[in-house]
Amino acid sequence: MNESEFEDELRALRPASPSPTLELEIARELTGAPRSVVVRPAAGIIVRPEKRSRFFLGGLAWALGGAAVAALAMLTAPPSWLGRGVSPGKSGAPVETMELAYFEPLESAREVVATETSEIFYDDDAGASQVVRTSSVERHSWTNPTTGAVVEVEVPREDFVLVPVAYQ
Amino acid sequence: MSDNGTSPDPWRVCYAELAPKLLLFARQWVPNRADAEDVVQTAFVRFWRKQPDAQPAHYPLLYAAVRTIALDHLRSHDRRVRREDAFHIEETIGAQVFTHDPDQAETSQMVQAALECIPPQQRETLVLRIWGELTFAQIAETVGESINTVASRYRYAMQALRKHLKPHEYERV
(Lines give C-alpha, C1' and ligand atoms only; values in the text may rest on other atoms or scores of the structure.)
Protein backbone atom coordinates (compact mmCIF):
# COMPACT_ATOMS: atom_id res chain seq x y z
CA MET A 1 0.00 0.00 0.00
CA ASN A 2 1.53 3.31 -1.04
CA GLU A 3 1.33 6.58 0.86
CA SER A 4 -1.68 7.87 -1.02
CA GLU A 5 -3.70 4.69 -0.51
CA PHE A 6 -2.81 4.70 3.17
CA GLU A 7 -4.02 8.30 3.48
CA ASP A 8 -7.25 7.42 1.73
CA GLU A 9 -7.81 4.54 4.11
CA LEU A 10 -7.33 6.86 7.05
CA ARG A 11 -9.65 9.49 5.57
CA ALA A 12 -12.34 6.85 5.24
CA LEU A 13 -12.60 6.88 9.01
CA ARG A 14 -15.00 9.65 9.96
CA PRO A 15 -14.55 11.56 13.22
CA ALA A 16 -17.32 10.89 15.72
CA SER A 17 -19.98 13.58 16.03
CA PRO A 18 -20.29 15.59 19.24
CA SER A 19 -23.20 14.96 21.53
CA PRO A 20 -26.41 16.77 20.53
CA THR A 21 -26.27 19.10 23.51
CA LEU A 22 -23.07 20.73 22.30
CA GLU A 23 -24.80 22.59 19.48
CA LEU A 24 -27.56 23.67 21.82
CA GLU A 25 -25.06 25.01 24.32
CA ILE A 26 -23.25 26.91 21.59
CA ALA A 27 -26.52 28.28 20.23
CA ARG A 28 -27.50 29.45 23.68
CA GLU A 29 -24.23 31.28 24.12
CA LEU A 30 -24.15 32.81 20.66
CA THR A 31 -27.74 33.93 20.52
CA GLY A 32 -27.87 35.09 24.11
CA ALA A 33 -31.07 33.18 24.60
CA PRO A 34 -32.17 32.86 28.20
CA ARG A 35 -31.47 29.56 29.83
CA SER A 36 -34.54 27.53 29.17
CA VAL A 37 -35.77 24.25 30.46
CA VAL A 38 -35.06 20.85 29.00
CA VAL A 39 -37.99 18.57 29.64
CA ARG A 40 -36.58 15.14 30.23
CA PRO A 41 -38.75 12.12 30.86
CA ALA A 42 -36.51 10.88 33.64
CA ALA A 43 -36.42 14.18 35.46
CA GLY A 44 -39.70 15.87 34.63
CA ILE A 45 -38.11 19.20 35.47
CA ILE A 46 -39.94 22.44 34.91
CA VAL A 47 -39.16 25.91 36.14
CA ARG A 48 -41.06 26.41 39.32
CA PRO A 49 -42.55 29.89 39.57
CA GLU A 50 -41.67 32.00 42.56
CA LYS A 51 -43.08 30.62 45.78
CA ARG A 52 -45.61 32.99 47.25
CA SER A 53 -46.25 31.75 50.71
CA ARG A 54 -44.31 30.08 53.47
CA PHE A 55 -47.44 28.15 54.24
CA PHE A 56 -47.63 26.44 50.90
CA LEU A 57 -48.76 22.84 51.39
CA GLY A 58 -49.32 21.72 47.82
CA GLY A 59 -46.15 19.66 47.23
CA LEU A 60 -48.12 16.71 46.01
CA ALA A 61 -50.01 18.93 43.60
CA TRP A 62 -46.72 20.18 42.16
CA ALA A 63 -45.54 16.63 41.69
CA LEU A 64 -48.72 15.78 39.83
CA GLY A 65 -48.36 18.91 37.72
CA GLY A 66 -44.77 18.04 36.82
CA ALA A 67 -45.80 14.54 35.88
CA ALA A 68 -48.53 15.93 33.67
CA VAL A 69 -46.08 18.20 31.85
CA ALA A 70 -43.62 15.36 31.38
CA ALA A 71 -46.32 13.08 30.05
CA LEU A 72 -47.57 15.77 27.68
CA ALA A 73 -44.06 16.49 26.46
CA MET A 74 -43.45 12.78 25.86
CA LEU A 75 -46.50 12.68 23.65
CA THR A 76 -45.45 15.72 21.64
CA ALA A 77 -41.72 15.02 21.15
CA PRO A 78 -39.72 12.01 19.93
CA PRO A 79 -38.16 9.89 22.69
CA SER A 80 -34.47 10.41 21.80
CA TRP A 81 -33.99 13.57 23.81
CA LEU A 82 -31.25 12.49 26.15
CA GLY A 83 -28.37 14.64 27.25
CA ARG A 84 -24.60 14.61 26.63
CA GLY A 85 -23.22 11.15 26.24
CA VAL A 86 -25.91 9.84 23.99
CA SER A 87 -24.45 8.21 20.94
CA PRO A 88 -25.28 10.62 18.19
CA GLY A 89 -26.97 9.65 15.00
CA LYS A 90 -26.85 11.57 11.77
CA SER A 91 -25.82 15.13 12.32
CA GLY A 92 -28.74 17.46 12.92
CA ALA A 93 -31.65 15.21 13.76
CA PRO A 94 -30.91 14.71 17.50
CA VAL A 95 -30.30 18.41 17.91
CA GLU A 96 -33.67 19.24 16.40
CA THR A 97 -35.21 16.77 18.78
CA MET A 98 -33.53 18.46 21.71
CA GLU A 99 -34.77 21.84 20.52
CA LEU A 100 -38.28 20.49 20.38
CA ALA A 101 -38.00 19.60 24.05
CA TYR A 102 -37.22 23.15 25.22
CA PHE A 103 -39.87 25.07 27.06
CA GLU A 104 -39.68 28.54 28.54
CA PRO A 105 -41.92 29.95 31.24
CA LEU A 106 -44.71 32.02 29.71
CA GLU A 107 -47.20 33.06 32.34
CA SER A 108 -48.23 32.37 35.91
CA ALA A 109 -51.49 33.38 37.52
CA ARG A 110 -53.39 32.59 40.70
CA GLU A 111 -57.12 32.66 41.25
CA VAL A 112 -58.54 32.55 44.76
CA VAL A 113 -61.47 30.18 44.90
CA ALA A 114 -62.49 30.33 48.54
CA THR A 115 -61.37 31.51 51.95
CA GLU A 116 -62.33 30.19 55.36
CA THR A 117 -61.53 31.55 58.80
CA SER A 118 -61.31 29.34 61.85
CA GLU A 119 -62.53 30.10 65.33
CA ILE A 120 -60.29 32.16 67.58
CA PHE A 121 -57.87 30.09 69.62
CA TYR A 122 -54.86 30.79 71.78
CA ASP A 123 -51.39 30.15 70.42
CA ASP A 124 -48.38 30.01 72.78
CA ASP A 125 -46.28 32.24 70.52
CA ALA A 126 -48.78 34.41 68.73
CA GLY A 127 -51.43 34.71 71.40
CA ALA A 128 -55.05 34.88 70.29
CA SER A 129 -55.12 33.81 66.67
CA GLN A 130 -57.16 32.58 63.80
CA VAL A 131 -56.21 30.35 60.91
CA VAL A 132 -57.24 31.65 57.53
CA ARG A 133 -57.45 28.99 54.89
CA THR A 134 -57.27 30.15 51.29
CA SER A 135 -58.07 27.80 48.45
CA SER A 136 -56.82 28.84 45.05
CA VAL A 137 -55.82 27.58 41.67
CA GLU A 138 -52.47 28.42 40.11
CA ARG A 139 -52.16 28.35 36.37
CA HIS A 140 -48.71 28.13 34.83
CA SER A 141 -47.87 27.97 31.17
CA TRP A 142 -44.69 27.27 29.22
CA THR A 143 -44.04 27.81 25.56
CA ASN A 144 -41.72 26.15 23.12
CA PRO A 145 -40.05 28.93 21.10
CA THR A 146 -39.25 26.54 18.27
CA THR A 147 -42.66 25.05 17.67
CA GLY A 148 -44.92 27.60 19.38
CA ALA A 149 -46.48 24.82 21.44
CA VAL A 150 -47.90 25.86 24.81
CA VAL A 151 -48.16 23.65 27.88
CA GLU A 152 -50.55 24.73 30.62
CA VAL A 153 -50.78 23.29 34.10
CA GLU A 154 -53.38 23.99 36.76
CA VAL A 155 -52.28 23.41 40.31
CA PRO A 156 -54.75 23.42 43.21
CA ARG A 157 -53.32 25.16 46.21
CA GLU A 158 -54.24 25.68 49.84
CA ASP A 159 -52.58 28.20 52.14
CA PHE A 160 -53.03 28.20 55.86
CA VAL A 161 -52.02 31.47 57.48
CA LEU A 162 -51.90 32.07 61.20
CA VAL A 163 -53.33 35.53 61.86
CA PRO A 164 -53.02 37.16 65.30
CA VAL A 165 -56.27 38.65 66.57
CA ALA A 166 -56.13 42.12 68.08
CA TYR A 167 -58.74 43.00 70.75
CA GLN A 168 -59.40 46.67 70.43
CA MET B 1 -32.58 27.31 10.11
CA SER B 2 -32.47 30.88 11.29
CA ASP B 3 -35.39 32.49 13.02
CA ASN B 4 -36.87 33.85 9.82
CA GLY B 5 -36.80 30.40 8.27
CA THR B 6 -34.81 31.43 5.19
CA SER B 7 -31.28 30.16 5.62
CA PRO B 8 -29.18 28.56 8.32
CA ASP B 9 -27.09 30.80 10.54
CA PRO B 10 -23.50 30.87 9.26
CA TRP B 11 -22.20 29.41 12.49
CA ARG B 12 -24.55 26.46 12.17
CA VAL B 13 -23.21 25.70 8.70
CA CYS B 14 -19.70 25.89 10.09
CA TYR B 15 -20.68 23.71 13.03
CA ALA B 16 -22.22 21.04 10.84
CA GLU B 17 -19.07 20.87 8.78
CA LEU B 18 -16.39 21.20 11.42
CA ALA B 19 -17.70 20.05 14.79
CA PRO B 20 -16.67 16.38 14.46
CA LYS B 21 -13.25 17.39 13.15
CA LEU B 22 -12.72 19.95 15.90
CA LEU B 23 -13.77 17.41 18.49
CA LEU B 24 -11.32 14.86 17.13
CA PHE B 25 -8.57 17.46 17.18
CA ALA B 26 -9.42 18.53 20.72
CA ARG B 27 -9.29 14.93 21.87
CA GLN B 28 -5.70 14.66 20.78
CA TRP B 29 -4.97 16.90 23.73
CA VAL B 30 -7.96 16.32 25.98
CA PRO B 31 -8.86 12.62 25.81
CA ASN B 32 -11.99 12.86 27.93
CA ARG B 33 -14.87 13.39 25.55
CA ALA B 34 -16.94 15.68 27.75
CA ASP B 35 -13.91 17.88 28.47
CA ALA B 36 -13.06 17.94 24.77
CA GLU B 37 -16.60 19.08 23.98
CA ASP B 38 -16.22 21.88 26.50
CA VAL B 39 -13.04 22.91 24.75
CA VAL B 40 -14.76 22.92 21.36
CA GLN B 41 -17.67 24.89 22.77
CA THR B 42 -15.44 27.55 24.27
CA ALA B 43 -13.37 27.86 21.10
CA PHE B 44 -16.39 27.95 18.84
CA VAL B 45 -18.20 30.59 20.83
CA ARG B 46 -15.12 32.80 21.13
CA PHE B 47 -14.44 32.53 17.44
CA TRP B 48 -17.94 33.43 16.31
CA ARG B 49 -18.26 36.24 18.81
CA LYS B 50 -15.08 37.75 17.48
CA GLN B 51 -15.88 37.09 13.85
CA PRO B 52 -19.63 36.97 13.35
CA ASP B 53 -19.13 37.38 9.61
CA ALA B 54 -16.51 34.66 9.33
CA GLN B 55 -16.11 32.98 5.97
CA PRO B 56 -14.96 29.40 5.29
CA ALA B 57 -11.50 30.75 4.60
CA HIS B 58 -11.29 31.72 8.25
CA TYR B 59 -12.32 28.33 9.58
CA PRO B 60 -8.75 27.04 10.05
CA LEU B 61 -8.45 29.62 12.82
CA LEU B 62 -10.90 27.52 14.76
CA TYR B 63 -8.31 24.78 15.04
CA ALA B 64 -5.85 27.26 16.52
CA ALA B 65 -8.49 28.36 19.01
CA VAL B 66 -9.24 24.76 19.96
CA ARG B 67 -5.54 24.07 20.36
CA THR B 68 -4.98 27.06 22.64
CA ILE B 69 -7.94 26.25 24.86
CA ALA B 70 -7.12 22.54 24.91
CA LEU B 71 -3.57 23.23 26.04
CA ASP B 72 -4.83 25.59 28.74
CA HIS B 73 -7.23 22.91 29.83
CA LEU B 74 -4.45 20.34 29.77
CA ARG B 75 -2.30 22.45 32.04
CA SER B 76 -5.08 22.94 34.57
CA HIS B 77 -6.04 19.30 34.19
CA ASP B 78 -2.47 18.20 34.90
CA ARG B 79 -2.43 20.27 38.04
CA ARG B 80 -5.66 18.67 39.11
CA VAL B 81 -4.42 15.20 38.22
CA ARG B 82 -1.41 15.65 40.43
CA ARG B 83 -3.81 16.27 43.26
CA GLU B 84 -6.32 13.63 42.26
CA ASP B 85 -4.11 11.02 40.72
CA ALA B 86 -6.58 8.25 41.40
CA PHE B 87 -8.96 9.65 38.83
CA HIS B 88 -6.40 10.05 36.09
CA ILE B 89 -6.81 6.68 34.43
CA GLU B 90 -10.57 6.83 34.50
CA GLU B 91 -10.69 10.33 33.04
CA THR B 92 -8.37 9.64 30.14
CA ILE B 93 -10.37 6.69 28.91
CA GLY B 94 -12.62 8.14 26.28
CA ALA B 95 -15.24 6.92 23.90
CA GLN B 96 -14.51 6.09 20.30
CA VAL B 97 -13.03 9.00 18.38
CA PHE B 98 -14.36 7.73 15.05
CA THR B 99 -17.90 7.01 14.01
CA HIS B 100 -19.10 3.53 14.71
CA ASP B 101 -19.13 1.72 11.42
CA PRO B 102 -19.35 -2.07 11.73
CA ASP B 103 -17.30 -2.51 8.56
CA GLN B 104 -14.50 -0.38 9.92
CA ALA B 105 -14.77 -1.09 13.62
CA GLU B 106 -11.52 -3.05 13.73
CA THR B 107 -9.65 -0.53 11.63
CA SER B 108 -10.86 2.44 13.64
CA GLN B 109 -9.84 0.79 16.89
CA MET B 110 -6.41 -0.02 15.55
CA VAL B 111 -5.90 3.48 14.20
CA GLN B 112 -7.12 5.03 17.42
CA ALA B 113 -4.71 2.86 19.41
CA ALA B 114 -1.86 3.62 17.02
CA LEU B 115 -2.52 7.35 17.22
CA GLU B 116 -2.06 7.20 20.97
CA CYS B 117 1.44 5.81 20.44
CA ILE B 118 2.60 8.74 18.30
CA PRO B 119 4.25 11.82 19.84
CA PRO B 120 1.63 14.54 20.37
CA GLN B 121 3.15 17.06 17.97
CA GLN B 122 3.29 14.54 15.17
CA ARG B 123 -0.17 13.31 15.99
CA GLU B 124 -1.79 16.74 15.85
CA THR B 125 -0.15 17.37 12.50
CA LEU B 126 -1.50 14.10 11.18
CA VAL B 127 -5.01 14.77 12.49
CA LEU B 128 -5.08 18.29 11.06
CA ARG B 129 -3.87 17.03 7.70
CA ILE B 130 -5.96 13.88 7.31
CA TRP B 131 -9.21 14.63 9.11
CA GLY B 132 -9.01 18.42 9.38
CA GLU B 133 -8.12 18.59 5.69
CA LEU B 134 -5.82 21.55 6.24
CA THR B 135 -2.89 22.40 4.02
CA PHE B 136 0.62 22.37 5.41
CA ALA B 137 0.58 26.16 5.36
CA GLN B 138 -2.62 26.24 7.41
CA ILE B 139 -1.25 23.66 9.82
CA ALA B 140 1.95 25.69 10.20
CA GLU B 141 -0.13 28.75 11.08
CA THR B 142 -2.26 26.77 13.49
CA VAL B 143 0.62 25.30 15.48
CA GLY B 144 3.00 28.23 15.06
CA GLU B 145 5.74 26.33 13.26
CA SER B 146 7.32 26.52 9.82
CA ILE B 147 5.88 24.66 6.89
CA ASN B 148 9.00 22.51 6.68
CA THR B 149 8.64 21.53 10.31
CA VAL B 150 5.03 20.45 9.99
CA ALA B 151 5.75 18.63 6.75
CA SER B 152 8.50 16.68 8.52
CA ARG B 153 6.25 15.95 11.47
CA TYR B 154 3.59 14.67 9.12
CA ARG B 155 6.06 12.39 7.37
CA TYR B 156 7.32 11.00 10.68
CA ALA B 157 3.76 10.59 11.91
CA MET B 158 2.77 8.59 8.85
CA GLN B 159 5.81 6.37 9.23
CA ALA B 160 5.09 5.82 12.90
CA LEU B 161 1.44 5.08 12.24
CA ARG B 162 2.26 2.54 9.56
CA LYS B 163 4.79 0.97 11.85
CA HIS B 164 2.24 0.56 14.60
CA LEU B 165 -0.39 -0.76 12.22
CA LYS B 166 1.90 -3.13 10.35
CA PRO B 167 1.63 -6.08 12.81
CA HIS B 168 -2.14 -5.93 12.39
CA GLU B 169 -1.78 -6.02 8.63
CA TYR B 170 0.19 -9.23 8.96
CA GLU B 171 -2.51 -10.65 11.21
CA ARG B 172 -5.16 -9.82 8.67
CA VAL B 173 -3.17 -11.47 5.86
# chains A, B, ... in the order shown; residues from 1 in each chain; ligands from 1
>>> closest_atom_pairs(of="chain A", to="chain B", cutoff="7 Å", atoms="only C-alpha atoms", output="CSV")
residue,atom,partner,partner_atom,distance
A:Arg11,CA,B:Ile130,CA,6.0
A:Leu13,CA,B:Phe98,CA,6.3
A:Arg14,CA,B:Phe98,CA,5.5
A:Pro15,CA,B:Phe98,CA,4.3
A:Ala16,CA,B:Thr99,CA,4.3
A:Ser17,CA,B:Pro20,CA,4.6
A:Pro18,CA,B:Pro20,CA,6.0
A:Leu22,CA,B:Gln41,CA,6.8
A:Ile26,CA,B:Gln41,CA,6.1
A:Glu29,CA,B:Val45,CA,6.9
A:Leu30,CA,B:Val45,CA,6.4
>>> atom_distance(atom1="atom CA of Thr147 of chain A", atom2="atom CA of Ala70 of chain A")
16.8 Å
>>> select_by_dssp(residues="segment 11-159 of chain B", states="alpha helix (DSSP H)", output="count of residues only")
109
>>> atom_distance(atom1="atom CA of Lys166 of chain B", atom2="atom CA of Leu134 of chain B")
26.2 Å
>>> decode(residues="segment 96-140 of chain B", atoms="N, CA and C atoms", output="short mmCIF file (atom, residue, chain, number, x, y, z; two decimals), in the first residue's frame")
data_model
loop_
_atom_site.label_atom_id
_atom_site.label_comp_id
_atom_site.auth_asym_id
_atom_site.auth_seq_id
_atom_site.Cartn_x
_atom_site.Cartn_y
_atom_site.Cartn_z
N GLN B 96 -15.11 6.19 21.63
CA GLN B 96 -14.51 6.09 20.30
C GLN B 96 -14.35 7.48 19.69
N VAL B 97 -13.24 7.69 19.01
CA VAL B 97 -13.03 9.00 18.38
C VAL B 97 -13.53 9.00 16.94
N PHE B 98 -13.82 7.81 16.41
CA PHE B 98 -14.36 7.73 15.05
C PHE B 98 -15.78 7.20 15.10
N THR B 99 -16.53 7.48 14.05
CA THR B 99 -17.90 7.01 14.01
C THR B 99 -17.93 5.48 14.03
N HIS B 100 -18.99 4.98 14.61
CA HIS B 100 -19.10 3.53 14.71
C HIS B 100 -19.63 2.97 13.40
N ASP B 101 -18.75 2.36 12.67
CA ASP B 101 -19.13 1.72 11.42
C ASP B 101 -18.72 0.26 11.53
N PRO B 102 -19.68 -0.66 11.52
CA PRO B 102 -19.35 -2.07 11.73
C PRO B 102 -18.27 -2.57 10.77
N ASP B 103 -18.29 -2.05 9.54
CA ASP B 103 -17.30 -2.51 8.56
C ASP B 103 -15.89 -2.05 8.90
N GLN B 104 -15.81 -0.95 9.64
CA GLN B 104 -14.50 -0.38 9.92
C GLN B 104 -14.18 -0.37 11.41
N ALA B 105 -14.95 -1.12 12.16
CA ALA B 105 -14.77 -1.09 13.62
C ALA B 105 -13.35 -1.49 14.00
N GLU B 106 -12.86 -2.56 13.38
CA GLU B 106 -11.52 -3.05 13.73
C GLU B 106 -10.47 -2.03 13.32
N THR B 107 -10.62 -1.51 12.12
CA THR B 107 -9.65 -0.53 11.63
C THR B 107 -9.62 0.71 12.51
N SER B 108 -10.82 1.21 12.85
CA SER B 108 -10.86 2.44 13.64
C SER B 108 -10.24 2.23 15.01
N GLN B 109 -10.46 1.06 15.59
CA GLN B 109 -9.84 0.79 16.89
C GLN B 109 -8.33 0.72 16.79
N MET B 110 -7.87 0.09 15.72
CA MET B 110 -6.41 -0.02 15.55
C MET B 110 -5.78 1.34 15.32
N VAL B 111 -6.44 2.15 14.48
CA VAL B 111 -5.90 3.48 14.20
C VAL B 111 -5.93 4.34 15.44
N GLN B 112 -7.03 4.25 16.18
CA GLN B 112 -7.12 5.03 17.42
C GLN B 112 -6.00 4.63 18.38
N ALA B 113 -5.78 3.33 18.51
CA ALA B 113 -4.71 2.86 19.41
C ALA B 113 -3.35 3.30 18.90
N ALA B 114 -3.16 3.23 17.58
CA ALA B 114 -1.86 3.62 17.02
C ALA B 114 -1.61 5.11 17.19
N LEU B 115 -2.68 5.90 17.05
CA LEU B 115 -2.52 7.35 17.22
C LEU B 115 -2.01 7.69 18.61
N GLU B 116 -2.47 6.92 19.59
CA GLU B 116 -2.06 7.20 20.97
C GLU B 116 -0.58 6.90 21.20
N CYS B 117 0.02 6.16 20.28
CA CYS B 117 1.44 5.81 20.44
C CYS B 117 2.36 6.83 19.76
N ILE B 118 1.80 7.77 19.04
CA ILE B 118 2.60 8.74 18.30
C ILE B 118 2.83 9.97 19.16
N PRO B 119 4.00 10.58 19.08
CA PRO B 119 4.25 11.82 19.84
C PRO B 119 3.18 12.87 19.52
N PRO B 120 2.76 13.60 20.54
CA PRO B 120 1.63 14.54 20.37
C PRO B 120 1.79 15.52 19.21
N GLN B 121 2.98 16.06 19.03
CA GLN B 121 3.15 17.06 17.97
C GLN B 121 2.99 16.44 16.59
N GLN B 122 3.48 15.22 16.45
CA GLN B 122 3.29 14.54 15.17
C GLN B 122 1.82 14.17 14.98
N ARG B 123 1.23 13.75 16.07
CA ARG B 123 -0.17 13.31 15.99
C ARG B 123 -1.09 14.46 15.60
N GLU B 124 -0.89 15.62 16.19
CA GLU B 124 -1.79 16.74 15.85
C GLU B 124 -1.61 17.14 14.40
N THR B 125 -0.38 17.05 13.90
CA THR B 125 -0.15 17.37 12.50
C THR B 125 -0.89 16.38 11.60
N LEU B 126 -0.82 15.13 11.96
CA LEU B 126 -1.50 14.10 11.18
C LEU B 126 -3.01 14.31 11.18
N VAL B 127 -3.56 14.58 12.37
CA VAL B 127 -5.01 14.77 12.49
C VAL B 127 -5.46 15.99 11.70
N LEU B 128 -4.70 17.07 11.79
CA LEU B 128 -5.08 18.29 11.06
C LEU B 128 -5.02 18.05 9.54
N ARG B 129 -4.06 17.26 9.13
CA ARG B 129 -3.87 17.03 7.70
C ARG B 129 -4.92 16.05 7.15
N ILE B 130 -5.08 14.94 7.84
CA ILE B 130 -5.96 13.88 7.31
C ILE B 130 -7.43 14.20 7.55
N TRP B 131 -7.78 14.46 8.79
CA TRP B 131 -9.21 14.63 9.11
C TRP B 131 -9.63 16.10 9.15
N GLY B 132 -8.69 17.00 9.44
CA GLY B 132 -9.01 18.42 9.38
C GLY B 132 -8.93 18.96 7.96
N GLU B 133 -8.26 18.22 7.10
CA GLU B 133 -8.12 18.59 5.69
C GLU B 133 -7.49 19.97 5.52
N LEU B 134 -6.53 20.29 6.37
CA LEU B 134 -5.82 21.55 6.24
C LEU B 134 -4.57 21.35 5.38
N THR B 135 -4.15 22.44 4.77
CA THR B 135 -2.89 22.40 4.02
C THR B 135 -1.73 22.52 5.02
N PHE B 136 -0.53 22.23 4.52
CA PHE B 136 0.62 22.37 5.41
C PHE B 136 0.78 23.83 5.87
N ALA B 137 0.47 24.74 4.99
CA ALA B 137 0.58 26.16 5.36
C ALA B 137 -0.40 26.49 6.48
N GLN B 138 -1.62 25.98 6.36
CA GLN B 138 -2.62 26.24 7.41
C GLN B 138 -2.23 25.56 8.72
N ILE B 139 -1.69 24.36 8.61
CA ILE B 139 -1.25 23.66 9.82
C ILE B 139 -0.11 24.45 10.49
N ALA B 140 0.81 24.92 9.66
CA ALA B 140 1.95 25.69 10.20
C ALA B 140 1.45 26.91 10.96
#
